[in-house]
$ cat protein.cif   # mmCIF, C-alpha atoms
data_run
loop_
_atom_site.label_atom_id
_atom_site.label_comp_id
_atom_site.auth_asym_id
_atom_site.auth_seq_id
_atom_site.Cartn_x
_atom_site.Cartn_y
_atom_site.Cartn_z
CA MET A 5 -4.15 -2.92 10.20
CA SER A 6 -1.20 -0.99 8.89
CA THR A 7 -1.32 1.65 6.16
CA CYS A 8 1.18 3.08 3.69
CA MET A 9 0.53 6.14 1.50
CA PHE A 10 3.10 6.94 -1.16
CA LEU A 11 3.86 8.79 -4.39
CA LEU A 12 6.34 8.18 -7.20
CA ASP A 13 7.36 11.37 -9.01
CA ARG A 14 9.55 10.32 -11.94
CA GLN A 15 9.71 13.85 -13.36
CA ASN A 16 11.51 15.08 -10.26
CA HIS A 17 13.16 11.72 -9.57
CA ARG A 18 11.58 11.38 -6.15
CA PHE A 19 9.70 8.81 -4.09
CA VAL A 20 7.89 9.70 -0.84
CA ALA A 21 5.96 7.56 1.65
CA VAL A 22 4.26 7.79 5.02
CA GLU A 23 3.38 4.57 6.82
CA SER A 24 1.79 3.44 10.06
CA ARG A 25 2.41 0.16 11.83
CA ASP A 26 -0.29 -1.42 14.00
CA HIS A 27 0.50 -4.28 16.36
CA SER A 28 -0.15 -5.66 19.80
CA ILE A 29 0.41 -2.91 22.36
CA TYR A 30 2.75 -5.01 24.48
CA ARG A 31 4.79 -6.61 21.67
CA PRO A 32 8.35 -5.21 21.95
CA HIS A 33 9.63 -3.24 18.99
CA GLY A 34 12.22 -0.57 18.33
CA PHE A 35 14.52 0.24 21.25
CA GLN A 36 12.48 -2.03 23.54
CA ALA A 37 13.13 -4.98 21.21
CA ALA A 38 16.81 -4.01 20.99
CA ARG A 39 17.02 -4.05 24.78
CA GLU A 40 15.34 -7.45 25.11
CA LEU A 41 17.53 -8.88 22.33
CA GLY A 42 20.62 -7.70 24.20
CA LEU A 43 21.92 -5.37 21.50
CA THR A 44 24.63 -2.87 22.35
CA HIS A 45 23.08 -0.03 20.33
CA ARG A 46 19.50 0.25 21.52
CA PHE A 47 17.86 2.51 19.00
CA SER A 48 14.59 1.99 17.17
CA TYR A 49 15.72 2.46 13.56
CA GLY A 50 19.23 1.85 12.30
CA PRO A 51 21.65 -0.57 10.58
CA HIS A 52 20.79 -3.32 13.07
CA TRP A 53 21.72 -6.26 10.81
CA HIS A 54 25.13 -4.82 10.02
CA ASP A 55 25.99 -3.83 13.59
CA ASN A 56 24.60 -7.08 15.05
CA PRO A 57 25.43 -9.95 12.66
CA GLU A 58 23.74 -12.42 15.01
CA LEU A 59 20.39 -10.92 14.01
CA ARG A 60 20.84 -12.29 10.50
CA ASP A 61 20.84 -15.79 12.01
CA ARG A 62 17.44 -15.15 13.62
CA ILE A 63 15.57 -14.27 10.44
CA TRP A 64 14.57 -16.28 7.38
CA THR A 65 15.93 -14.75 4.18
CA ILE A 66 16.12 -15.55 0.48
CA GLY A 67 19.08 -13.35 -0.42
CA ASN A 68 22.54 -12.79 0.93
CA ALA A 69 22.23 -10.02 3.47
CA THR A 70 25.92 -10.16 4.34
CA GLU A 71 27.70 -7.67 6.54
CA SER A 72 28.85 -5.60 3.58
CA ALA A 73 25.50 -5.78 1.77
CA SER A 74 23.60 -4.62 4.86
CA ALA A 75 25.98 -1.78 5.80
CA GLU A 76 23.65 0.94 4.52
CA VAL A 77 20.35 -0.79 5.24
CA VAL A 78 18.31 1.05 7.88
CA GLY A 79 15.15 -0.44 9.34
CA GLY A 80 12.87 -0.76 12.32
CA LEU A 81 13.54 -3.63 14.71
CA ASP A 82 10.94 -6.22 15.70
CA ILE A 83 11.37 -8.64 18.60
CA ASP A 84 11.86 -11.57 16.19
CA GLY A 85 14.95 -9.85 14.75
CA GLY A 86 13.27 -8.86 11.49
CA THR A 87 11.52 -5.72 10.34
CA TRP A 88 8.41 -4.33 8.68
CA LEU A 89 10.36 -1.53 6.99
CA ALA A 90 13.85 -1.31 5.51
CA LEU A 91 15.54 1.23 3.25
CA HIS A 92 18.95 1.72 1.68
CA ARG A 93 20.70 5.03 2.23
CA ARG A 94 22.64 5.06 -1.06
CA THR A 95 20.15 3.61 -3.54
CA GLY A 96 16.96 4.90 -1.92
CA VAL A 97 15.30 1.46 -2.24
CA TYR A 98 12.33 1.32 0.17
CA CYS A 99 10.61 -1.88 1.31
CA ARG A 100 7.47 -1.90 3.46
CA ILE A 101 5.83 -5.28 4.12
CA LEU A 102 2.28 -5.69 5.39
CA THR A 103 1.63 -9.14 6.80
CA GLU A 104 0.60 -11.20 9.81
CA THR A 105 2.77 -12.58 12.59
CA PRO A 106 2.80 -16.39 12.28
CA ASP A 107 2.26 -18.51 15.40
CA ASP A 108 2.55 -21.94 13.76
CA PRO A 109 6.15 -23.34 13.82
CA GLU A 110 5.63 -24.59 10.27
CA PHE A 111 5.53 -20.97 9.15
CA VAL A 112 8.50 -18.63 8.82
CA SER A 113 8.12 -14.90 9.30
CA PRO A 114 8.38 -12.79 6.15
CA ARG A 115 10.04 -10.00 8.15
CA GLY A 116 13.47 -10.87 6.80
CA LEU A 117 12.34 -10.10 3.24
CA PRO A 118 12.51 -6.27 3.52
CA ILE A 119 16.18 -6.61 4.47
CA ASP A 120 16.81 -8.86 1.45
CA CYS A 121 15.08 -6.44 -0.87
CA ALA A 122 16.74 -3.33 0.55
CA THR A 123 20.17 -4.74 -0.38
CA ALA A 124 19.19 -4.82 -4.08
CA GLU A 125 20.57 -2.09 -6.34
CA SER A 126 17.09 -1.02 -7.43
CA ALA A 127 13.43 -1.65 -6.75
CA ARG A 128 13.22 -3.56 -10.02
CA GLU A 129 16.04 -5.89 -8.94
CA ALA A 130 14.42 -6.38 -5.54
CA VAL A 131 11.18 -7.45 -7.22
CA ARG A 132 13.09 -9.86 -9.44
CA LEU A 133 14.65 -11.38 -6.31
CA LEU A 134 11.21 -12.06 -4.83
CA GLU A 135 9.83 -13.42 -8.10
CA THR A 136 12.71 -15.83 -8.67
CA ARG A 137 13.79 -16.86 -5.16
CA LEU A 138 10.84 -16.81 -2.76
CA ARG A 139 9.00 -19.94 -3.83
CA PRO A 140 12.16 -22.05 -4.43
CA ALA A 141 13.57 -21.01 -1.03
CA LEU A 142 10.36 -22.02 0.74
CA GLU A 143 10.33 -25.37 -1.05
CA GLU A 144 13.98 -25.99 -0.16
CA SER A 145 13.38 -25.20 3.51
CA GLY A 146 10.15 -27.17 3.77
CA LYS A 147 8.56 -24.15 5.43
CA ARG A 148 5.45 -22.10 4.76
CA MET A 149 5.00 -18.36 4.94
CA PRO A 150 1.93 -16.16 5.55
CA GLY A 151 0.69 -14.15 2.61
CA PHE A 152 1.78 -10.54 2.35
CA HIS A 153 1.76 -7.34 0.35
CA MET A 154 5.06 -5.50 0.02
CA LEU A 155 5.72 -2.06 -1.39
CA VAL A 156 9.10 -2.00 -3.12
CA ALA A 157 10.10 1.37 -4.54
CA ASP A 158 12.89 3.78 -5.41
CA PRO A 159 12.91 7.16 -7.24
CA ARG A 160 12.44 5.36 -10.59
CA ASP A 161 9.85 2.64 -9.96
CA ALA A 162 7.21 1.52 -7.47
CA PHE A 163 5.77 -1.99 -7.22
CA VAL A 164 3.36 -3.86 -4.99
CA VAL A 165 4.40 -7.49 -4.64
CA ALA A 166 1.69 -9.88 -3.44
CA PHE A 167 2.28 -13.40 -2.12
CA ASP A 168 -0.80 -15.55 -1.54
CA GLY A 169 0.84 -17.78 1.08
CA ALA A 170 0.95 -20.70 -1.34
CA ASP A 171 2.37 -20.59 -4.85
CA SER A 172 1.69 -17.18 -6.36
CA VAL A 173 4.07 -14.22 -6.34
CA THR A 174 2.82 -11.30 -8.42
CA ALA A 175 4.28 -7.83 -8.91
CA THR A 176 2.25 -4.84 -10.04
CA ALA A 177 4.00 -1.73 -11.31
CA LEU A 178 2.23 1.41 -10.12
CA PRO A 179 1.82 4.59 -12.19
CA ASP A 180 3.69 7.68 -11.16
CA GLY A 181 2.34 11.17 -10.61
CA ARG A 182 -0.49 10.26 -8.25
CA PRO A 183 -0.68 9.06 -4.63
CA HIS A 184 -1.40 5.42 -3.78
CA VAL A 185 -2.48 3.71 -0.56
CA LEU A 186 -1.62 0.17 0.48
CA THR A 187 -3.12 -1.71 3.43
CA GLU A 188 -2.82 -5.30 4.64
CA SER A 189 -5.76 -6.22 2.43
CA GLY A 190 -4.07 -4.76 -0.64
CA PRO A 191 -4.37 -1.55 -2.68
CA ALA A 192 -6.83 1.12 -1.60
CA ALA A 193 -9.48 -0.13 -4.02
CA ASP A 194 -10.09 -3.01 -1.59
CA ASP A 195 -10.31 -0.90 1.57
CA GLU A 196 -12.82 1.87 2.41
CA SER A 197 -10.46 3.70 4.75
CA GLY A 198 -7.69 3.45 2.16
CA LYS A 199 -9.92 4.84 -0.59
CA ARG A 200 -10.84 7.83 1.56
CA LEU A 201 -7.19 8.52 2.32
CA GLN A 202 -6.15 8.25 -1.33
CA SER A 203 -8.92 10.62 -2.39
CA LEU A 204 -7.77 13.20 0.14
CA ALA A 205 -4.13 12.86 -0.91
CA GLU A 206 -4.94 13.55 -4.56
CA SER A 207 -5.84 17.14 -3.69
CA ALA A 208 -3.04 17.74 -1.16
CA ALA A 209 0.42 19.13 -1.86
CA ALA A 210 2.94 16.31 -2.10
CA PRO A 211 5.91 16.42 0.31
CA ASP A 212 9.59 16.37 -0.57
CA GLU A 213 12.89 15.99 1.27
CA LYS A 214 12.18 18.91 3.63
CA LEU A 215 10.56 17.92 6.93
CA THR A 216 8.28 20.97 6.96
CA SER A 217 6.79 19.99 3.58
CA TRP A 218 5.07 16.99 5.19
CA ALA A 219 2.43 19.02 7.04
CA PRO A 220 -0.38 18.58 4.44
CA TRP A 221 0.07 14.81 4.15
CA LEU A 222 0.38 14.32 7.90
CA THR A 223 -2.77 16.35 8.50
CA LEU A 224 -4.84 14.13 6.23
CA PHE A 225 -3.09 10.93 7.38
CA ALA A 226 -4.14 11.71 10.95
CA SER A 227 -7.63 12.87 9.97
CA ARG A 228 -10.95 11.10 10.55
CA PRO A 229 -14.05 10.97 8.34
CA ASP A 230 -16.39 13.90 9.01
CA ASP A 231 -19.11 11.55 10.19
CA ALA A 232 -16.84 9.36 12.33
CA PRO A 233 -18.06 8.73 15.88
CA ASP A 234 -15.85 9.74 18.79
CA TYR A 235 -13.35 7.19 20.05
CA SER A 236 -15.08 7.18 23.44
CA THR A 237 -18.32 5.80 21.96
CA GLU A 238 -19.32 2.20 21.25
CA ASN A 239 -19.77 2.95 17.54
CA TRP A 240 -16.12 3.79 16.90
CA VAL A 241 -14.31 1.13 14.82
CA ALA A 242 -10.57 1.35 14.22
CA SER A 243 -10.64 -0.11 10.71
CA ALA A 244 -13.21 2.42 9.49
CA HIS A 245 -12.59 5.60 11.44
CA SER A 246 -8.84 6.03 11.91
CA THR A 247 -5.48 5.57 10.21
CA ILE A 248 -3.42 6.36 13.30
CA ARG A 249 -5.31 4.29 15.85
CA PRO A 250 -5.68 4.44 19.65
CA PRO A 251 -6.09 1.13 21.55
CA TYR A 252 -8.58 -1.27 19.98
CA ARG A 253 -9.58 -4.95 20.11
CA ASP A 254 -7.57 -7.07 17.67
CA THR A 255 -10.02 -9.97 17.76
CA GLU A 256 -12.21 -11.92 15.34
CA ASP A 257 -15.50 -11.55 17.24
CA ARG A 258 -18.39 -9.11 16.81
CA ASN A 259 -16.51 -6.42 18.78
CA ARG A 260 -13.49 -6.58 16.51
CA HIS A 261 -11.59 -3.29 16.19
CA LYS A 262 -13.69 -1.49 18.81
CA ASN A 263 -12.38 0.59 21.70
CA VAL A 264 -10.62 -1.88 23.98
CA ALA A 265 -11.42 0.23 27.05
CA LEU A 266 -15.14 -0.19 26.37
CA PHE A 267 -14.84 -3.81 25.23
CA PRO A 268 -11.99 -5.30 27.32
CA VAL A 269 -10.01 -8.37 26.29
CA THR A 270 -8.84 -11.17 28.57
CA ASP A 271 -5.66 -11.73 26.52
CA PRO A 272 -3.42 -8.61 26.60
CA SER A 273 -1.95 -9.53 23.20
CA GLN A 274 -5.38 -8.82 21.66
CA ALA A 275 -5.11 -5.13 22.50
CA ALA A 276 -3.51 -3.28 19.58
CA TRP A 277 -2.76 0.27 18.50
CA THR A 278 -0.62 2.21 16.05
CA LYS A 279 2.87 1.61 17.42
CA SER A 280 4.79 3.80 14.98
CA VAL A 281 4.50 6.20 12.04
CA SER A 282 7.35 7.08 9.69
CA ILE A 283 7.96 9.41 6.74
CA TYR A 284 10.47 8.93 3.93
CA SER A 285 11.81 10.74 0.88
CA ALA A 286 14.32 9.47 -1.68
CA GLY A 287 15.80 11.41 -4.58
CA LYS A 288 18.63 11.36 -7.10
CA THR A 289 21.28 10.75 -4.45
CA GLY A 290 19.39 8.15 -2.42
CA ALA A 291 17.64 8.52 0.93
CA GLU A 292 17.07 12.20 1.72
CA LEU A 293 14.75 12.13 4.72
CA PHE A 294 13.63 9.50 7.19
CA ALA A 295 11.85 10.36 10.43
CA TYR A 296 9.60 8.49 12.83
CA ASN A 297 7.23 8.77 15.77
CA GLU A 298 6.56 5.80 18.05
CA ARG A 299 5.12 4.76 21.38
CA GLN A 300 6.12 2.00 23.76
CA LEU A 301 4.13 0.37 26.53
CA PHE A 302 5.84 -2.12 28.82
CA ASP A 303 3.96 -5.18 30.04
CA TYR A 304 3.70 -3.80 33.58
CA GLN A 305 1.97 -0.62 32.41
CA PRO A 306 -1.82 -0.38 32.13
CA LEU A 307 -3.57 0.68 28.96
CA PRO A 308 -3.61 4.50 28.70
CA SER A 309 -6.81 6.02 30.04
CA ASP A 310 -6.39 9.29 28.13
CA VAL A 311 -5.40 8.70 24.51
CA ARG A 312 -4.84 12.43 24.00
CA ARG A 313 -1.62 12.02 25.97
CA VAL A 314 -0.04 9.10 24.10
CA GLY A 315 1.69 11.28 21.52
CA PHE A 316 0.10 10.37 18.21
CA PRO A 317 1.73 12.48 15.45
CA THR A 318 -0.14 15.19 13.57
CA THR A 319 2.62 17.63 12.51
CA PRO A 320 6.26 17.39 11.32
CA ASP A 321 7.39 18.57 14.76
CA ASP A 322 6.18 15.26 16.22
CA PHE A 323 8.89 13.25 14.43
CA PHE A 324 12.42 12.21 15.35
CA VAL A 325 14.73 12.61 12.34
CA VAL A 326 17.15 9.78 11.48
CA ILE A 327 18.24 10.91 7.99
CA ALA A 328 18.05 14.56 6.90
CA ASN A 329 19.36 15.63 3.48
CA GLU A 330 22.76 14.10 4.10
CA ASN A 331 22.91 12.87 0.49
CA SER A 332 21.45 15.99 -1.13
#
$ encode --input "protein.cif" --output "structure tokens"
Amino acid sequence: MSTCMFLLDRQNHRFVAVESRDHSIYRPHGFQAARELGLTHRFSYGPHWHDNPELRDRIWTIGNATESASAEVVGGLDIDGGTWLALHRRTGVYCRILTETPDDPEFVSPRGLPIDCATAESAREAVRLLETRLRPALEESGKRMPGFHMLVADPRDAFVVAFDGADSVTATALPDGRPHVLTESGPAADDESGKRLQSLAESAAAPDEKLTSWAPWLTLFASRPDDAPDYSTENWVASAHSTIRPPYRDTEDRNRHKNVALFPVTDPSQAAWTKSVSIYSAGKTGAELFAYNERQLFDYQPLPSDVRRVGFPTTPDDFFVVIANENS
């Protein structure tokens, strides 16, 4: 249950996005994944695949993410060596994939694809790579891949690429000048929470490359519906009442997405929450701002009893800045 809200502003040659990533609470990511993978530089977001060439051997790709091609690719690190989010400092190309984690050995993870796409010279070229190479590469490898939605964008174009997990790769160009919301189920039109968020964003001031300008979008991204029940009650449901989500049940039963403290799970991997939130701006000279907020819980730590203390972001001050106007 991840969410990405974004805006393409062709008039000012800018693309902005805020995204949240939900996953199992105890699944290593960021610096924790870097530590478990034995990397020298143990940071959450960075040029991991350039600094650690062995990572490129761990992921399934369709392009040629060589050392030189990946030199300016920055992304978050997952324990499988791939990523959910990658961007290119010079071109501003931004790739955010929303998908499932495959358990079947016949399936390959799509988390190498954002790295492939981020090495393209433009969002349009990245889309062409997916359209022409994904299906042939899967056929050549004899592997299958879970379906996904991927936002591919730069300051000129924004696309949502959808793969159905079988034989269909479709790319939809999105209009500029208005905010859009993408979830794992697709565009906001298919998701009640996404539709609410998009409606709120349409009346909020859009951010730019300045960190302080993100306050309006972050306020609404962290907001709840006026009639939403409190998290401490049995009626709270993560998929309906939050975008940045405290611990919930990631199960397929009747208590799906409810407060995991009230409806405990026997398998710790079925307890999920929003692991990270990031903000991004790209302009005429490429990436202008990238900042993130994340939380880690090691497998020996219990679930937090007071979610008010886990550090969910609500203001620009809650973010760690990785890129700040260095290309402006």
$ closest_atom_pairs --input "protein.cif" --of "segment 219-240 of chain A" --to "segment 275-285 of chain A" --cutoff "12 Å" --atoms "all atoms listed in the file" --output "Markdown table"
| residue | atom | partner | partner_atom | distance |
| --- | --- | --- | --- | --- |
| A:Ala219 | CA | A:Ile283 | CA | 11.1 |
| A:Trp221 | CA | A:Ile283 | CA | 9.9 |
| A:Leu222 | CA | A:Ile283 | CA | 9.1 |
| A:Phe225 | CA | A:Val281 | CA | 10.1 |
| A:Ala226 | CA | A:Val281 | CA | 10.3 |
$ residues_around --input "protein.cif" --residues "Phe111 of chain A" --least-positions-apart "3" --cutoff "12 Å" --atoms "only C-alpha atoms" --output "ChimeraX atom specification"
/A:64,104-108,114-115,142,145-151,169-170
$ write_last_selection --input "protein.cif" --atoms "C-alpha atoms" --output "short mmCIF file (atom, residue, chain, number, x, y, z; two decimals), in the coordinates of the input"
data_model
loop_
_atom_site.label_atom_id
_atom_site.label_comp_id
_atom_site.auth_asym_id
_atom_site.auth_seq_id
_atom_site.Cartn_x
_atom_site.Cartn_y
_atom_site.Cartn_z
CA TRP A 64 14.57 -16.28 7.38
CA GLU A 104 0.60 -11.20 9.81
CA THR A 105 2.77 -12.58 12.59
CA PRO A 106 2.80 -16.39 12.28
CA ASP A 107 2.26 -18.51 15.40
CA ASP A 108 2.55 -21.94 13.76
CA PRO A 114 8.38 -12.79 6.15
CA ARG A 115 10.04 -10.00 8.15
CA LEU A 142 10.36 -22.02 0.74
CA SER A 145 13.38 -25.20 3.51
CA GLY A 146 10.15 -27.17 3.77
CA LYS A 147 8.56 -24.15 5.43
CA ARG A 148 5.45 -22.10 4.76
CA MET A 149 5.00 -18.36 4.94
CA PRO A 150 1.93 -16.16 5.55
CA GLY A 151 0.69 -14.15 2.61
CA GLY A 169 0.84 -17.78 1.08
CA ALA A 170 0.95 -20.70 -1.34
#
$ closest_residue --input "protein.cif" --among "A:Ala328, A:Leu307, A:Leu266, A:Leu293" --to "Ala21 of chain A" --atoms "all atoms listed in the file"
A:Leu293
$ atom_distance --input "protein.cif" --atom1 "atom CA of Thr223 of chain A" --atom2 "atom CA of Cys8 of chain A"
14.7 Å
$ closest_atom_pairs --input "protein.cif" --of "segment 162-242 of chain A" --to "segment 154-157 of chain A" --cutoff "7 Å" --atoms "all atoms listed in the file" --output "tab-separated table"
residue	atom	partner	partner_atom	distance
A:Ala162	CA	A:Ala157	CA	4.1
A:Phe163	CA	A:Val156	CA	5.3
A:Val164	CA	A:Leu155	CA	4.7
A:Val165	CA	A:Met154	CA	5.1
A:Ala166	CA	A:Met154	CA	6.5
$ write_last_selection --input "protein.cif" --atoms "C-alpha atoms" --output "PDB file, in the frame of the given file"
ATOM      1  CA  ALA A 162       7.210   1.520  -7.470  1.00  0.00           C
ATOM      2  CA  PHE A 163       5.770  -1.990  -7.220  1.00  0.00           C
ATOM      3  CA  VAL A 164       3.360  -3.860  -4.990  1.00  0.00           C
ATOM      4  CA  VAL A 165       4.400  -7.490  -4.640  1.00  0.00           C
ATOM      5  CA  ALA A 166       1.690  -9.880  -3.440  1.00  0.00           C
TER       6      ALA A 166
END
$ residues_around --input "protein.cif" --residues "Met5 of chain A" --least-positions-apart "6" --cutoff "8 Å" --atoms "all atoms listed in the file" --output "list of chain:residue names"
A:Arg25, A:Asp26, A:His27, A:Thr187, A:Glu188, A:Ser243
$ write_last_selection --input "protein.cif" --atoms "C-alpha atoms" --output "mmCIF file, keeping the file's coordinate frame"
data_model
loop_
_atom_site.group_PDB
_atom_site.id
_atom_site.type_symbol
_atom_site.label_atom_id
_atom_site.label_comp_id
_atom_site.auth_asym_id
_atom_site.auth_seq_id
_atom_site.Cartn_x
_atom_site.Cartn_y
_atom_site.Cartn_z
ATOM 1 C CA ARG A 25 2.410 0.160 11.830
ATOM 2 C CA ASP A 26 -0.290 -1.420 14.000
ATOM 3 C CA HIS A 27 0.500 -4.280 16.360
ATOM 4 C CA THR A 187 -3.120 -1.710 3.430
ATOM 5 C CA GLU A 188 -2.820 -5.300 4.640
ATOM 6 C CA SER A 243 -10.640 -0.110 10.710
#
$ residues_around --input "protein.cif" --residues "Arg93 of chain A" --least-positions-apart "2" --cutoff "9 Å" --atoms "only C-alpha atoms" --output "list of chain:residue names"
A:Glu76, A:Val77, A:Val78, A:Leu91, A:Thr95, A:Gly96, A:Val97, A:Ala286, A:Thr289, A:Gly290, A:Ala291, A:Glu292, A:Ile327, A:Asn331
$ build_atoms --input "protein.cif" --residues "segment 17-37 of chain A" --atoms "N, CA, C and O atoms" --output "compact mmCIF listing (two decimals), in the frame of the given file"
# COMPACT_ATOMS: atom_id res chain seq x y z
N HIS A 17 12.33 12.83 -10.08
CA HIS A 17 13.16 11.72 -9.57
C HIS A 17 13.04 11.61 -8.05
O HIS A 17 14.03 11.66 -7.32
N ARG A 18 11.80 11.44 -7.60
CA ARG A 18 11.58 11.38 -6.15
C ARG A 18 10.50 10.35 -5.82
O ARG A 18 9.53 10.17 -6.56
N PHE A 19 10.70 9.69 -4.66
CA PHE A 19 9.70 8.81 -4.09
C PHE A 19 9.48 9.23 -2.65
O PHE A 19 10.44 9.47 -1.91
N VAL A 20 8.21 9.33 -2.22
CA VAL A 20 7.89 9.70 -0.84
C VAL A 20 6.85 8.72 -0.29
O VAL A 20 6.01 8.19 -1.03
N ALA A 21 6.90 8.49 1.02
CA ALA A 21 5.96 7.56 1.65
C ALA A 21 5.78 7.92 3.12
O ALA A 21 6.73 8.34 3.79
N VAL A 22 4.56 7.75 3.60
CA VAL A 22 4.26 7.79 5.02
C VAL A 22 3.58 6.48 5.36
O VAL A 22 2.72 6.01 4.60
N GLU A 23 3.96 5.86 6.46
CA GLU A 23 3.38 4.57 6.82
C GLU A 23 3.13 4.50 8.32
O GLU A 23 3.82 5.13 9.12
N SER A 24 2.10 3.72 8.65
CA SER A 24 1.79 3.44 10.06
C SER A 24 1.88 1.95 10.29
O SER A 24 1.55 1.15 9.40
N ARG A 25 2.32 1.58 11.49
CA ARG A 25 2.41 0.16 11.83
C ARG A 25 1.55 -0.13 13.06
O ARG A 25 1.79 0.40 14.14
N ASP A 26 0.54 -0.98 12.90
CA ASP A 26 -0.29 -1.42 14.00
C ASP A 26 0.17 -2.79 14.48
O ASP A 26 0.51 -3.66 13.67
N HIS A 27 0.13 -2.99 15.80
CA HIS A 27 0.50 -4.28 16.36
C HIS A 27 0.01 -4.33 17.79
O HIS A 27 -0.49 -3.35 18.34
N SER A 28 0.18 -5.50 18.40
CA SER A 28 -0.15 -5.66 19.80
C SER A 28 0.58 -4.62 20.64
O SER A 28 1.77 -4.39 20.46
N ILE A 29 -0.15 -3.99 21.56
CA ILE A 29 0.41 -2.91 22.36
C ILE A 29 1.66 -3.35 23.12
O ILE A 29 2.64 -2.61 23.22
N TYR A 30 1.65 -4.57 23.62
CA TYR A 30 2.75 -5.01 24.48
C TYR A 30 3.84 -5.77 23.73
O TYR A 30 4.81 -6.20 24.35
N ARG A 31 3.73 -5.93 22.42
CA ARG A 31 4.79 -6.61 21.67
C ARG A 31 5.99 -5.67 21.55
O ARG A 31 5.87 -4.56 21.03
N PRO A 32 7.17 -6.09 22.00
CA PRO A 32 8.35 -5.21 21.95
C PRO A 32 8.75 -4.89 20.51
O PRO A 32 8.73 -5.75 19.63
N HIS A 33 9.10 -3.66 20.28
CA HIS A 33 9.63 -3.24 18.99
C HIS A 33 10.56 -2.07 19.23
O HIS A 33 10.62 -1.50 20.32
N GLY A 34 11.33 -1.71 18.20
CA GLY A 34 12.22 -0.57 18.33
C GLY A 34 13.24 -0.75 19.45
O GLY A 34 13.81 -1.83 19.63
N PHE A 35 13.48 0.31 20.21
CA PHE A 35 14.52 0.24 21.25
C PHE A 35 14.18 -0.78 22.33
O PHE A 35 15.07 -1.37 22.94
N GLN A 36 12.87 -1.02 22.55
CA GLN A 36 12.48 -2.03 23.54
C GLN A 36 12.89 -3.42 23.06
O GLN A 36 13.38 -4.25 23.83
N ALA A 37 12.69 -3.70 21.76
CA ALA A 37 13.13 -4.98 21.21
C ALA A 37 14.64 -5.10 21.26
O ALA A 37 15.19 -6.16 21.58
